file query33.tsv (TSV, C-alpha atoms and all ligand atoms)
chain	number	residue	atom	x	y	z
A	58	MET	CA	-27.64	7.73	14.10
A	59	GLY	CA	-24.54	5.54	13.78
A	60	MET	CA	-21.82	4.94	16.34
A	61	SER	CA	-18.92	7.39	16.28
A	62	MET	CA	-15.80	5.23	16.59
A	63	LYS	CA	-13.69	7.61	18.67
A	64	THR	CA	-10.28	6.09	19.35
A	65	ALA	CA	-9.29	7.92	22.56
A	66	ASP	CA	-9.81	4.81	24.74
A	67	ILE	CA	-7.90	2.51	22.39
A	68	ALA	CA	-5.11	5.13	22.27
A	69	GLY	CA	-5.03	5.29	26.07
A	70	ARG	CA	-4.58	1.51	26.35
A	71	LEU	CA	-1.94	1.51	23.63
A	72	ARG	CA	-0.05	4.34	25.37
A	73	ASP	CA	-0.03	2.32	28.61
A	74	SER	CA	1.26	-0.82	26.92
A	75	ILE	CA	3.99	1.13	25.07
A	76	ARG	CA	5.10	2.72	28.37
A	77	ILE	CA	5.24	-0.67	30.10
A	78	GLU	CA	7.27	-2.24	27.29
A	79	THR	CA	9.60	0.78	27.13
A	80	ASP	CA	10.27	0.50	30.87
A	81	ALA	CA	10.95	-3.21	30.49
A	82	TRP	CA	13.60	-2.50	27.83
A	83	LYS	CA	15.14	0.19	30.03
A	84	LYS	CA	15.42	-2.25	32.92
A	85	ARG	CA	17.45	-4.43	30.57
A	86	GLY	CA	19.76	-1.49	29.82
A	87	ILE	CA	18.28	-0.63	26.41
A	88	GLU	CA	16.76	2.81	25.93
A	89	PRO	CA	14.40	2.75	22.91
A	90	SER	CA	15.34	5.70	20.74
A	91	LEU	CA	13.79	7.34	17.67
A	92	ALA	CA	15.81	9.58	15.35
A	93	VAL	CA	13.87	12.03	13.20
A	94	VAL	CA	15.53	13.78	10.28
A	95	LEU	CA	13.93	17.06	9.29
A	96	ILE	CA	14.85	19.39	6.45
A	97	LYS	CA	13.66	22.83	7.52
A	98	GLY	CA	11.15	24.80	5.47
A	99	ASP	CA	8.03	22.61	5.27
A	100	PRO	CA	5.60	23.76	8.01
A	101	ALA	CA	3.62	20.47	8.08
A	102	SER	CA	6.80	18.40	8.49
A	103	GLU	CA	8.03	20.71	11.24
A	104	TYR	CA	4.66	20.35	13.00
A	105	TYR	CA	4.70	16.52	12.76
A	106	ALA	CA	8.30	16.34	14.01
A	107	ARG	CA	7.37	18.41	17.11
A	108	ALA	CA	4.20	16.39	17.68
A	109	LYS	CA	6.22	13.17	17.69
A	110	GLU	CA	8.69	14.74	20.10
A	111	LYS	CA	5.86	15.45	22.56
A	112	THR	CA	4.49	11.92	22.24
A	113	ALA	CA	7.96	10.40	22.69
A	114	HIS	CA	8.45	12.47	25.82
A	115	LYS	CA	5.13	11.24	27.28
A	116	LEU	CA	6.03	7.64	26.50
A	117	GLY	CA	9.52	7.86	28.02
A	118	ILE	CA	11.16	7.21	24.64
A	119	ARG	CA	14.37	8.97	23.64
A	120	TYR	CA	13.88	11.31	20.72
A	121	ARG	CA	16.68	12.75	18.62
A	122	LEU	CA	15.80	15.41	16.10
A	123	THR	CA	18.37	16.40	13.49
A	124	GLU	CA	17.44	19.51	11.54
A	125	PHE	CA	19.09	20.47	8.28
A	126	GLU	CA	18.97	23.68	6.30
A	127	PRO	CA	16.97	23.44	3.04
A	128	GLY	CA	20.21	23.69	1.03
A	129	ILE	CA	21.58	20.33	2.29
A	130	THR	CA	22.98	18.18	-0.52
A	131	GLN	CA	21.83	14.65	-1.32
A	132	SER	CA	25.20	13.21	-0.31
A	133	GLU	CA	25.15	15.03	3.05
A	134	LEU	CA	21.66	13.63	3.72
A	135	LEU	CA	22.68	10.11	2.68
A	136	GLY	CA	25.78	10.42	4.87
A	137	HIS	CA	23.68	11.30	7.92
A	138	LEU	CA	21.20	8.47	7.30
A	139	GLY	CA	24.15	6.09	6.93
A	140	GLU	CA	25.47	7.19	10.33
A	141	LEU	CA	22.06	6.61	11.94
A	142	ASN	CA	21.92	3.17	10.31
A	143	GLU	CA	25.24	2.29	12.00
A	144	ASP	CA	24.46	3.88	15.38
A	145	LYS	CA	23.50	1.08	17.78
A	146	SER	CA	21.86	3.55	20.20
A	147	VAL	CA	19.28	4.51	17.51
A	148	HIS	CA	16.50	1.97	16.96
A	149	GLY	CA	14.17	3.84	14.62
A	150	ILE	CA	14.77	6.36	11.84
A	151	MET	CA	12.16	8.65	10.30
A	152	LEU	CA	12.84	10.96	7.40
A	153	GLU	CA	10.19	13.67	7.29
A	154	LEU	CA	8.78	13.95	3.77
A	155	PRO	CA	8.36	15.78	1.43
A	156	LEU	CA	11.98	16.75	0.78
A	157	PRO	CA	13.00	19.94	-1.06
A	158	ARG	CA	12.83	19.39	-4.82
A	159	HIS	CA	16.58	19.13	-5.40
A	160	LEU	CA	16.73	16.00	-3.20
A	161	ASN	CA	15.79	12.46	-4.24
A	162	PRO	CA	13.32	11.07	-1.66
A	163	SER	CA	13.24	7.45	-2.82
A	164	GLU	CA	17.05	7.17	-2.80
A	165	ALA	CA	17.18	8.71	0.69
A	166	SER	CA	14.36	6.70	2.26
A	167	GLY	CA	15.58	3.56	0.48
A	168	LEU	CA	18.88	3.82	2.35
A	169	ILE	CA	17.26	3.40	5.78
A	170	ARG	CA	17.83	-0.06	7.25
A	171	PRO	CA	14.50	-1.95	7.07
A	172	ASP	CA	14.80	-2.99	10.73
A	173	LYS	CA	14.96	0.72	11.72
A	174	ASP	CA	12.29	1.82	9.23
A	175	VAL	CA	9.44	2.60	11.66
A	176	ASP	CA	7.50	4.35	8.89
A	177	GLY	CA	7.52	1.25	6.67
A	178	ILE	CA	8.66	3.16	3.57
A	179	THR	CA	11.76	1.29	2.43
A	180	PRO	CA	11.56	-1.32	-0.36
A	181	GLY	CA	12.40	-4.03	2.21
A	182	SER	CA	9.50	-3.01	4.47
A	183	LYS	CA	7.10	-2.76	1.53
A	184	LEU	CA	8.03	-6.26	0.41
A	185	ALA	CA	7.46	-7.58	3.94
A	186	CYS	CA	4.05	-5.89	4.05
A	187	PHE	CA	3.16	-7.29	0.64
A	188	LEU	CA	4.24	-10.83	1.51
A	189	GLY	CA	3.09	-10.76	5.14
A	190	THR	CA	6.57	-11.57	6.43
A	191	ARG	CA	8.49	-10.19	9.43
A	192	GLY	CA	8.96	-6.44	9.14
A	193	LEU	CA	7.75	-2.97	10.03
A	194	TYR	CA	4.43	-2.15	8.37
A	195	PRO	CA	3.19	1.43	7.82
A	196	ALA	CA	1.26	2.91	10.72
A	197	THR	CA	-1.90	4.34	9.13
A	198	PRO	CA	-3.02	1.08	7.49
A	199	GLN	CA	-2.37	-0.72	10.79
A	200	SER	CA	-4.48	1.91	12.54
A	201	CYS	CA	-7.45	1.33	10.16
A	202	ILE	CA	-7.45	-2.44	10.76
A	203	ARG	CA	-6.89	-2.09	14.51
A	204	ILE	CA	-9.94	0.17	14.85
A	205	LEU	CA	-12.23	-2.30	13.07
A	206	LYS	CA	-10.99	-5.15	15.27
A	207	GLU	CA	-11.22	-3.16	18.50
A	208	PHE	CA	-14.81	-2.17	17.75
A	209	GLY	CA	-15.65	-5.79	16.92
A	210	PHE	CA	-16.23	-5.44	13.19
A	211	GLU	CA	-15.03	-8.64	11.59
A	212	LEU	CA	-13.18	-8.36	8.26
A	213	LYS	CA	-13.25	-12.04	7.32
A	214	GLY	CA	-15.66	-12.58	4.43
A	215	ARG	CA	-16.80	-8.95	4.42
A	216	HIS	CA	-16.86	-6.80	1.32
A	217	VAL	CA	-14.47	-3.90	1.89
A	218	VAL	CA	-14.44	-0.97	-0.51
A	219	LEU	CA	-11.15	0.90	-0.28
A	220	VAL	CA	-11.01	4.36	-1.82
A	221	GLY	CA	-7.40	5.29	-2.65
A	222	ARG	CA	-4.37	3.31	-3.82
A	223	GLY	CA	-1.69	5.75	-2.60
A	224	GLU	CA	1.74	4.73	-1.29
A	225	THR	CA	1.08	5.65	2.36
A	226	VAL	CA	-2.35	4.21	3.04
A	227	GLY	CA	-4.30	2.54	0.21
A	228	ARG	CA	-1.59	0.39	-1.35
A	229	PRO	CA	-0.26	-1.22	1.84
A	230	LEU	CA	-3.83	-1.78	3.00
A	231	MET	CA	-4.54	-4.05	0.02
A	232	PRO	CA	-2.39	-7.05	1.09
A	233	MET	CA	-3.19	-6.43	4.76
A	234	LEU	CA	-6.96	-6.57	4.15
A	235	LEU	CA	-6.63	-9.66	1.98
A	236	ARG	CA	-4.69	-11.38	4.77
A	237	GLU	CA	-7.67	-10.63	7.02
A	238	HIS	CA	-9.75	-12.53	4.42
A	239	ALA	CA	-11.78	-9.50	3.37
A	240	THR	CA	-13.21	-9.40	-0.15
A	241	LEU	CA	-11.69	-6.26	-1.60
A	242	THR	CA	-12.71	-3.64	-4.14
A	243	VAL	CA	-10.13	-0.87	-4.69
A	244	CYS	CA	-11.42	2.42	-6.08
A	245	HIS	CA	-9.36	5.37	-7.33
A	246	SER	CA	-9.66	8.52	-9.39
A	247	HIS	CA	-10.60	6.58	-12.54
A	248	THR	CA	-13.33	4.53	-10.88
A	249	GLU	CA	-16.71	5.04	-12.47
A	250	ASN	CA	-19.77	5.31	-10.27
A	251	LEU	CA	-18.15	5.11	-6.84
A	252	ALA	CA	-21.59	5.19	-5.20
A	253	ARG	CA	-22.55	1.90	-6.89
A	254	HIS	CA	-19.51	0.18	-5.33
A	255	ILE	CA	-20.23	1.66	-1.90
A	256	ALA	CA	-23.85	0.45	-2.13
A	257	GLY	CA	-22.56	-3.15	-2.08
A	258	ALA	CA	-19.97	-2.63	0.69
A	259	ASP	CA	-20.03	-3.83	4.30
A	260	ILE	CA	-17.00	-1.68	5.18
A	261	LEU	CA	-15.74	1.49	3.50
A	262	ILE	CA	-12.16	2.67	4.07
A	263	THR	CA	-11.29	6.04	2.59
A	264	ALA	CA	-7.72	7.21	1.97
A	265	ALA	CA	-8.05	9.69	-0.88
A	266	GLY	CA	-7.25	13.04	0.76
A	267	ARG	CA	-10.36	14.72	-0.69
A	268	ALA	CA	-12.43	16.60	1.90
A	269	GLY	CA	-16.03	15.38	2.10
A	270	MET	CA	-15.89	13.44	-1.20
A	271	ILE	CA	-18.14	10.73	0.26
A	272	THR	CA	-21.50	12.35	0.89
A	273	ALA	CA	-24.43	11.17	3.04
A	274	ASP	CA	-26.45	10.12	-0.04
A	275	MET	CA	-23.71	7.59	-1.00
A	276	VAL	CA	-23.89	5.54	2.23
A	277	HIS	CA	-26.35	3.08	3.77
A	278	PRO	CA	-27.44	1.94	7.26
A	279	ASP	CA	-25.42	-1.33	7.26
A	280	LEU	CA	-22.16	0.39	6.40
A	281	VAL	CA	-19.11	0.75	8.70
A	282	ILE	CA	-16.74	3.55	7.68
A	283	VAL	CA	-13.09	4.06	8.56
A	284	ASP	CA	-12.06	7.49	7.31
A	285	ALA	CA	-8.25	7.78	7.01
A	286	GLY	CA	-8.39	11.09	5.14
A	287	ILE	CA	-6.89	14.15	6.80
A	288	ASN	CA	-7.70	17.35	4.96
A	289	GLU	CA	-7.05	20.90	6.08
A	290	THR	CA	-9.98	23.13	5.24
A	291	ASP	CA	-11.06	26.64	6.23
A	292	THR	CA	-13.18	25.09	8.98
A	293	GLY	CA	-10.39	22.89	10.35
A	294	LEU	CA	-9.44	19.23	9.83
A	295	THR	CA	-11.92	17.04	7.98
A	296	GLY	CA	-11.93	13.55	6.59
A	297	ASP	CA	-12.85	12.22	3.16
A	298	VAL	CA	-16.38	11.52	4.40
A	299	SER	CA	-18.89	14.25	5.07
A	300	PRO	CA	-19.59	14.25	8.87
A	301	ASP	CA	-23.38	14.13	8.32
A	302	ALA	CA	-22.96	10.62	6.84
A	303	LEU	CA	-22.76	9.41	10.48
A	304	GLN	CA	-26.53	9.71	10.68
A	305	ARG	CA	-27.00	7.17	7.89
A	306	VAL	CA	-24.42	4.45	8.72
A	307	LYS	CA	-23.85	1.78	11.38
A	308	ALA	CA	-20.54	3.24	12.57
A	309	MET	CA	-17.91	5.73	11.45
A	310	THR	CA	-14.57	7.09	12.68
A	311	PRO	CA	-14.50	10.85	13.38
A	312	VAL	CA	-11.83	13.20	12.00
A	313	PRO	CA	-10.03	14.29	14.10
A	314	GLY	CA	-10.19	11.69	16.88
A	315	GLY	CA	-10.20	8.54	14.75
A	316	VAL	CA	-7.47	6.99	12.58
A	317	GLY	CA	-4.90	9.76	13.10
A	318	THR	CA	-5.06	9.50	16.90
A	319	LEU	CA	-3.73	5.93	16.74
A	320	THR	CA	-1.27	6.44	13.89
A	321	THR	CA	1.44	8.24	15.87
A	322	LEU	CA	1.25	5.70	18.68
A	323	ILE	CA	1.58	2.82	16.22
A	324	LEU	CA	4.81	4.44	14.99
A	325	PHE	CA	6.15	4.04	18.52
A	326	GLU	CA	4.80	0.50	18.68
A	327	ASN	CA	6.82	-0.11	15.50
A	328	LEU	CA	9.84	1.37	17.27
A	329	LEU	CA	9.55	-1.23	20.02
A	330	LYS	CA	9.25	-3.98	17.40
A	331	ALA	CA	12.37	-2.52	15.78
A	332	VAL	CA	14.24	-2.80	19.11
A	333	GLY	CA	13.25	-6.48	19.26
A	334	MET	CA	14.42	-7.06	15.68
A	335	GLN	CA	17.77	-5.38	16.29
A	336	ILE	CA	18.65	-7.33	19.37
A	337	GLY	CA	17.48	-10.54	17.75
A	338	GLU	CA	14.22	-10.98	19.61
A	339	GLY	CA	11.07	-11.55	17.60
A	340	GLY	CA	7.55	-10.72	18.54
A	341	LEU	CA	6.91	-9.43	15.05
A	342	LYS	CA	3.80	-10.41	13.21
A	401	LIG	P1	-2.15	9.66	-2.24
A	401	LIG	O1	-2.42	11.04	-1.82
A	401	LIG	O2	-0.84	9.31	-2.83
A	401	LIG	O3	-3.27	9.15	-3.25
A	401	LIG	C1	-4.63	9.40	-3.09
A	401	LIG	C2	-5.44	8.27	-3.68
A	401	LIG	O4	-6.81	8.68	-3.72
A	401	LIG	C3	-5.05	7.91	-5.10
A	401	LIG	O5	-5.07	6.52	-5.27
A	401	LIG	C4	-6.13	8.58	-5.94
A	401	LIG	O6	-6.41	7.91	-7.17
A	401	LIG	C5	-7.33	8.48	-5.02
A	401	LIG	N1	-8.31	9.52	-5.30
A	401	LIG	C6	-8.09	10.86	-5.37
A	401	LIG	N2	-9.24	11.49	-5.68
A	401	LIG	C7	-10.18	10.54	-5.84
A	401	LIG	C8	-11.55	10.57	-6.20
A	401	LIG	N3	-12.17	11.72	-6.44
A	401	LIG	N4	-12.22	9.40	-6.25
A	401	LIG	C9	-11.60	8.22	-5.99
A	401	LIG	N5	-10.29	8.14	-5.65
A	401	LIG	C10	-9.59	9.29	-5.58
A	401	LIG	O7	-2.46	8.65	-1.04
A	401	LIG	P2	-1.73	8.41	0.34
A	401	LIG	O8	-1.93	6.97	0.59
A	401	LIG	O9	-0.36	8.95	0.37
A	401	LIG	O10	-2.57	9.29	1.35
A	401	LIG	C11	-3.98	9.35	1.28
A	401	LIG	C12	-4.53	10.27	2.30
A	401	LIG	O11	-4.44	9.67	3.57
A	401	LIG	C13	-3.78	11.60	2.48
A	401	LIG	O12	-4.21	12.55	1.56
A	401	LIG	C14	-4.16	11.99	3.87
A	401	LIG	O13	-5.38	12.69	3.82
A	401	LIG	C15	-4.39	10.66	4.55
A	401	LIG	N6	-3.37	10.28	5.54
A	401	LIG	C16	-3.83	10.04	6.80
A	401	LIG	C17	-2.99	9.68	7.81
A	401	LIG	C18	-3.58	9.38	9.15
A	401	LIG	O14	-2.84	9.15	10.10
A	401	LIG	N7	-4.89	9.35	9.28
A	401	LIG	C19	-1.53	9.58	7.59
A	401	LIG	C20	-1.14	9.75	6.20
A	401	LIG	C21	-2.04	10.12	5.24
A	401	LIG	P3	-5.27	7.70	-8.32
A	401	LIG	O15	-4.41	6.59	-7.82
A	401	LIG	O16	-6.04	7.32	-9.52
A	401	LIG	O17	-4.56	9.01	-8.44

call {"tool": "encode", "arguments": {"input": "query33.tsv", "output": "structure tokens"}}
result
Amino acid sequence: MGMSMKTADIAGRLRDSIRIETDAWKKRGIEPSLAVVLIKGDPASEYYARAKEKTAHKLGIRYRLTEFEPGITQSELLGHLGELNEDKSVHGIMLELPLPRHLNPSEASGLIRPDKDVDGITPGSKLACFLGTRGLYPATPQSCIRILKEFGFELKGRHVVLVGRGETVGRPLMPMLLREHATLTVCHSHTENLARHIAGADILITAAGRAGMITADMVHPDLVIVDAGINETDTGLTGDVSPDALQRVKAMTPVPGGVGTLTTLILFENLLKAVGMQIGEGGLK
């Protein structure tokens, strides 16, 4: 039976450090503030916006939600994002995606100032992540790497098999894992014989969004798995890895209670980095 890498303790420590840093900014007269822009009508987006509101409240961070009717025009949306860009009392901006089909998501998200882009989705943030320069990197990939480090699994020199090359998780993980000196194999929907690649892996990171696609017969006792998949099924939330694989590996993150638990907090950690960037103080990796 492998170790279940539950992240509740790491999340607790991160929550404490975010609270302490938030209080320190407040003592200096700066109230860290996150603005979330939500177009009504997508239940998942509405759920995530409320979940962030609760987390912000617990952390003592100011949270501003602007909700728009689904009929909002592209220019109205761009106008609002432009105002948030200019507003000095707003340090982070998040546009809940997906947008209704008549709106252009890349034009809208591309307008967000990179130093307020806590989600790491603008071209400027993506370039920083790719090059390893100062900027706000996406939260889920950071969460995957943080978990491995916190549990003491070294990446340097290890063979990592990454399943998924999507915009949110897989793609930004590629340069981040290479900077950690991992040896990387990236698999995707055209990969032949996924099991053969996994057989040679020290670490498996899954970000495909396919419930239970990695089965217990594909894993081995020396393998460490970080499962970033979040899939809604009839039986609740599941990852990309079948839960019974835990019995056959060295360690594995649970879903829920693994990667996702840290992701929201890392968004707020990004917000505090954003505050530092905007008032000209560094601290960014
Ligand atoms: P996408 O949904 O855009 O892409 C999925 C990737 O998986 C693609 O590269 C696709 O290959 C690959 N893939 C799909 N099916 C298979 C298969 N059968 N075998 C091998 N590869 C496959 O990726 P995102 O990065 O946007 O998100 C990935 C998942 O991460 C989401 O579905 C969600 O479950 C999860 N997620 C988790 C979060 C968290 O906090 N834990 C936050 C955000 C997302 P191809 O490129 O060839 O199409």

call {"tool": "closest_atom_pairs", "arguments": {"input": "query33.tsv", "of": "chain A", "to": "ligand LIG 401 (chain A)", "cutoff": "8 Å", "atoms": "all atoms listed in the file", "output": "JSON lines"}}
result
{"residue": "A:Ala196", "atom": "CA", "partner": "A:LIG401", "partner_atom": "O14", "distance": 7.5}
{"residue": "A:Thr197", "atom": "CA", "partner": "A:LIG401", "partner_atom": "O14", "distance": 5.0}
{"residue": "A:Ser200", "atom": "CA", "partner": "A:LIG401", "partner_atom": "O14", "distance": 7.8}
{"residue": "A:Val220", "atom": "CA", "partner": "A:LIG401", "partner_atom": "N5", "distance": 5.4}
{"residue": "A:Gly221", "atom": "CA", "partner": "A:LIG401", "partner_atom": "O4", "distance": 3.6}
{"residue": "A:Arg222", "atom": "CA", "partner": "A:LIG401", "partner_atom": "O5", "distance": 3.6}
{"residue": "A:Gly223", "atom": "CA", "partner": "A:LIG401", "partner_atom": "O7", "distance": 3.4}
{"residue": "A:Glu224", "atom": "CA", "partner": "A:LIG401", "partner_atom": "O8", "distance": 4.7}
{"residue": "A:Thr225", "atom": "CA", "partner": "A:LIG401", "partner_atom": "O8", "distance": 3.7}
{"residue": "A:Val226", "atom": "CA", "partner": "A:LIG401", "partner_atom": "O8", "distance": 3.7}
{"residue": "A:Gly227", "atom": "CA", "partner": "A:LIG401", "partner_atom": "O8", "distance": 5.0}
{"residue": "A:Arg228", "atom": "CA", "partner": "A:LIG401", "partner_atom": "O8", "distance": 6.9}
{"residue": "A:Cys244", "atom": "CA", "partner": "A:LIG401", "partner_atom": "C9", "distance": 5.8}
{"residue": "A:His245", "atom": "CA", "partner": "A:LIG401", "partner_atom": "N5", "distance": 3.4}
{"residue": "A:Ser246", "atom": "CA", "partner": "A:LIG401", "partner_atom": "N5", "distance": 3.8}
{"residue": "A:His247", "atom": "CA", "partner": "A:LIG401", "partner_atom": "O16", "distance": 5.5}
{"residue": "A:Thr248", "atom": "CA", "partner": "A:LIG401", "partner_atom": "C9", "distance": 6.4}
{"residue": "A:Leu251", "atom": "CA", "partner": "A:LIG401", "partner_atom": "C9", "distance": 7.3}
{"residue": "A:Thr263", "atom": "CA", "partner": "A:LIG401", "partner_atom": "O11", "distance": 7.8}
{"residue": "A:Ala264", "atom": "CA", "partner": "A:LIG401", "partner_atom": "C11", "distance": 4.4}
{"residue": "A:Ala265", "atom": "CA", "partner": "A:LIG401", "partner_atom": "O4", "distance": 3.3}
{"residue": "A:Gly266", "atom": "CA", "partner": "A:LIG401", "partner_atom": "O12", "distance": 3.2}
{"residue": "A:Arg267", "atom": "CA", "partner": "A:LIG401", "partner_atom": "N2", "distance": 6.0}
{"residue": "A:Met270", "atom": "CA", "partner": "A:LIG401", "partner_atom": "N3", "distance": 6.7}
{"residue": "A:Asp284", "atom": "CA", "partner": "A:LIG401", "partner_atom": "N7", "distance": 7.7}
{"residue": "A:Ala285", "atom": "CA", "partner": "A:LIG401", "partner_atom": "N7", "distance": 4.3}
{"residue": "A:Gly286", "atom": "CA", "partner": "A:LIG401", "partner_atom": "O13", "distance": 3.7}
{"residue": "A:Ile287", "atom": "CA", "partner": "A:LIG401", "partner_atom": "O13", "distance": 3.6}
{"residue": "A:Asn288", "atom": "CA", "partner": "A:LIG401", "partner_atom": "O13", "distance": 5.3}
{"residue": "A:Gly296", "atom": "CA", "partner": "A:LIG401", "partner_atom": "O13", "distance": 7.2}
{"residue": "A:Asp297", "atom": "CA", "partner": "A:LIG401", "partner_atom": "O13", "distance": 7.5}
{"residue": "A:Gly315", "atom": "CA", "partner": "A:LIG401", "partner_atom": "N7", "distance": 7.7}
{"residue": "A:Val316", "atom": "CA", "partner": "A:LIG401", "partner_atom": "N7", "distance": 4.8}
{"residue": "A:Gly317", "atom": "CA", "partner": "A:LIG401", "partner_atom": "O14", "distance": 3.7}
{"residue": "A:Thr318", "atom": "CA", "partner": "A:LIG401", "partner_atom": "O14", "distance": 7.2}
{"residue": "A:Leu319", "atom": "CA", "partner": "A:LIG401", "partner_atom": "O14", "distance": 7.4}
{"residue": "A:Thr320", "atom": "CA", "partner": "A:LIG401", "partner_atom": "O14", "distance": 4.9}
{"residue": "A:Thr321", "atom": "CA", "partner": "A:LIG401", "partner_atom": "O14", "distance": 7.2}

call {"tool": "residues_around", "arguments": {"input": "query33.tsv", "residues": "Glu164 of chain A", "least_positions_apart": "4", "cutoff": "12 Å", "atoms": "all atoms listed in the file", "output": "tab-separated table (two decimals) with C-alpha atoms, in the frame of the given file"}}
result
chain	number	residue	atom	x	y	z
A	131	GLN	CA	21.83	14.65	-1.32
A	132	SER	CA	25.20	13.21	-0.31
A	134	LEU	CA	21.66	13.63	3.72
A	135	LEU	CA	22.68	10.11	2.68
A	138	LEU	CA	21.20	8.47	7.30
A	152	LEU	CA	12.84	10.96	7.40
A	156	LEU	CA	11.98	16.75	0.78
A	160	LEU	CA	16.73	16.00	-3.20
A	168	LEU	CA	18.88	3.82	2.35
A	169	ILE	CA	17.26	3.40	5.78
A	178	ILE	CA	8.66	3.16	3.57
A	179	THR	CA	11.76	1.29	2.43
A	180	PRO	CA	11.56	-1.32	-0.36

call {"tool": "atom_distance", "arguments": {"input": "query33.tsv", "atom1": "atom CA of Ser90 of chain A", "atom2": "atom CA of Tyr120 of chain A"}}
result
5.8 Å

call {"tool": "closest_residue", "arguments": {"input": "query33.tsv", "among": "A:Val93, A:Ala165, A:Ala65, A:Ile323", "to": "Glu133 of chain A", "atoms": "all atoms listed in the file"}}
result
A:Ala165

call {"tool": "residues_around", "arguments": {"input": "query33.tsv", "residues": "segment 260-262 of chain A", "least_positions_apart": "6", "cutoff": "7 Å", "atoms": "all atoms listed in the file", "output": "PyMOL selection string"}}
result
chain A and resi 216-220+280-284

call {"tool": "atom_distance", "arguments": {"input": "query33.tsv", "atom1": "atom CA of Leu95 of chain A", "atom2": "atom CA of Ala108 of chain A"}}
result
12.9 Å

call {"tool": "closest_residue", "arguments": {"input": "query33.tsv", "among": "A:Ala101, A:Val175, A:Met151, A:Leu205", "to": "Leu193 of chain A", "atoms": "only C-alpha atoms"}}
result
A:Val175

call {"tool": "atom_distance", "arguments": {"input": "query33.tsv", "atom1": "atom CA of Val94 of chain A", "atom2": "atom CA of Arg70 of chain A"}}
result
28.5 Å

call {"tool": "residues_near_point", "arguments": {"input": "query33.tsv", "point": "(-22.1, 6.4, 8.4)", "cutoff": "10 Å", "atoms": "only C-alpha atoms", "output": "JSON, numbers by chain"}}
result
{"A": [58, 59, 60, 61, 261, 272, 273, 275, 276, 277, 278, 279, 280, 281, 282, 283, 298, 299, 300, 301, 302, 303, 304, 305, 306, 307, 308, 309, 310]}

call {"tool": "write_last_selection", "arguments": {"input": "query33.tsv", "atoms": "C-alpha atoms", "output": "PDB file, keeping the file's coordinate frame"}}
result
ATOM      1  CA  MET A  58     -27.640   7.730  14.100  1.00  0.00           C
ATOM      2  CA  GLY A  59     -24.540   5.540  13.780  1.00  0.00           C
ATOM      3  CA  MET A  60     -21.820   4.940  16.340  1.00  0.00           C
ATOM      4  CA  SER A  61     -18.920   7.390  16.280  1.00  0.00           C
ATOM      5  CA  LEU A 261     -15.740   1.490   3.500  1.00  0.00           C
ATOM      6  CA  THR A 272     -21.500  12.350   0.890  1.00  0.00           C
ATOM      7  CA  ALA A 273     -24.430  11.170   3.040  1.00  0.00           C
ATOM      8  CA  MET A 275     -23.710   7.590  -1.000  1.00  0.00           C
ATOM      9  CA  VAL A 276     -23.890   5.540   2.230  1.00  0.00           C
ATOM     10  CA  HIS A 277     -26.350   3.080   3.770  1.00  0.00           C
ATOM     11  CA  PRO A 278     -27.440   1.940   7.260  1.00  0.00           C
ATOM     12  CA  ASP A 279     -25.420  -1.330   7.260  1.00  0.00           C
ATOM     13  CA  LEU A 280     -22.160   0.390   6.400  1.00  0.00           C
ATOM     14  CA  VAL A 281     -19.110   0.750   8.700  1.00  0.00           C
ATOM     15  CA  ILE A 282     -16.740   3.550   7.680  1.00  0.00           C
ATOM     16  CA  VAL A 283     -13.090   4.060   8.560  1.00  0.00           C
ATOM     17  CA  VAL A 298     -16.380  11.520   4.400  1.00  0.00           C
ATOM     18  CA  SER A 299     -18.890  14.250   5.070  1.00  0.00           C
ATOM     19  CA  PRO A 300     -19.590  14.250   8.870  1.00  0.00           C
ATOM     20  CA  ASP A 301     -23.380  14.130   8.320  1.00  0.00           C
ATOM     21  CA  ALA A 302     -22.960  10.620   6.840  1.00  0.00           C
ATOM     22  CA  LEU A 303     -22.760   9.410  10.480  1.00  0.00           C
ATOM     23  CA  GLN A 304     -26.530   9.710  10.680  1.00  0.00           C
ATOM     24  CA  ARG A 305     -27.000   7.170   7.890  1.00  0.00           C
ATOM     25  CA  VAL A 306     -24.420   4.450   8.720  1.00  0.00           C
ATOM     26  CA  LYS A 307     -23.850   1.780  11.380  1.00  0.00           C
ATOM     27  CA  ALA A 308     -20.540   3.240  12.570  1.00  0.00           C
ATOM     28  CA  MET A 309     -17.910   5.730  11.450  1.00  0.00           C
ATOM     29  CA  THR A 310     -14.570   7.090  12.680  1.00  0.00           C
TER      30      THR A 310
END

call {"tool": "residues_around", "arguments": {"input": "query33.tsv", "residues": "Leu322 of chain A", "least_positions_apart": "2", "cutoff": "8 Å", "atoms": "only C-alpha atoms", "output": "PyMOL selection string"}}
result
chain A and resi 68+71-72+112+318-320+324-326

call {"tool": "closest_residue", "arguments": {"input": "query33.tsv", "among": "A:Ile129, A:Ala239, A:Leu184, A:Ala92", "to": "Arg158 of chain A", "atoms": "only C-alpha atoms"}}
result
A:Ile129

call {"tool": "residues_around", "arguments": {"input": "query33.tsv", "residues": "segment 230-236 of chain A", "least_positions_apart": "5", "cutoff": "9 Å", "atoms": "all atoms listed in the file", "output": "list in words"}}
result
Cys186, Phe187, Leu188, Gly189, Thr197, Pro198, Gln199, Cys201, Ile202, Leu212, Lys213, Val217, Leu219, Arg222, Thr225, Leu241 and Val243 of chain A

call {"tool": "closest_residue", "arguments": {"input": "query33.tsv", "among": "A:Leu329, A:Leu122, A:Leu141, A:Trp82", "to": "Lys109 of chain A", "atoms": "only C-alpha atoms"}}
result
A:Leu122

call {"tool": "residues_near_point", "arguments": {"input": "query33.tsv", "point": "(7.0, 6.2, 30.3)", "cutoff": "6 Å", "atoms": "only C-alpha atoms", "output": "MDAnalysis selection string"}}
result
chainID A and resid 76 116:117
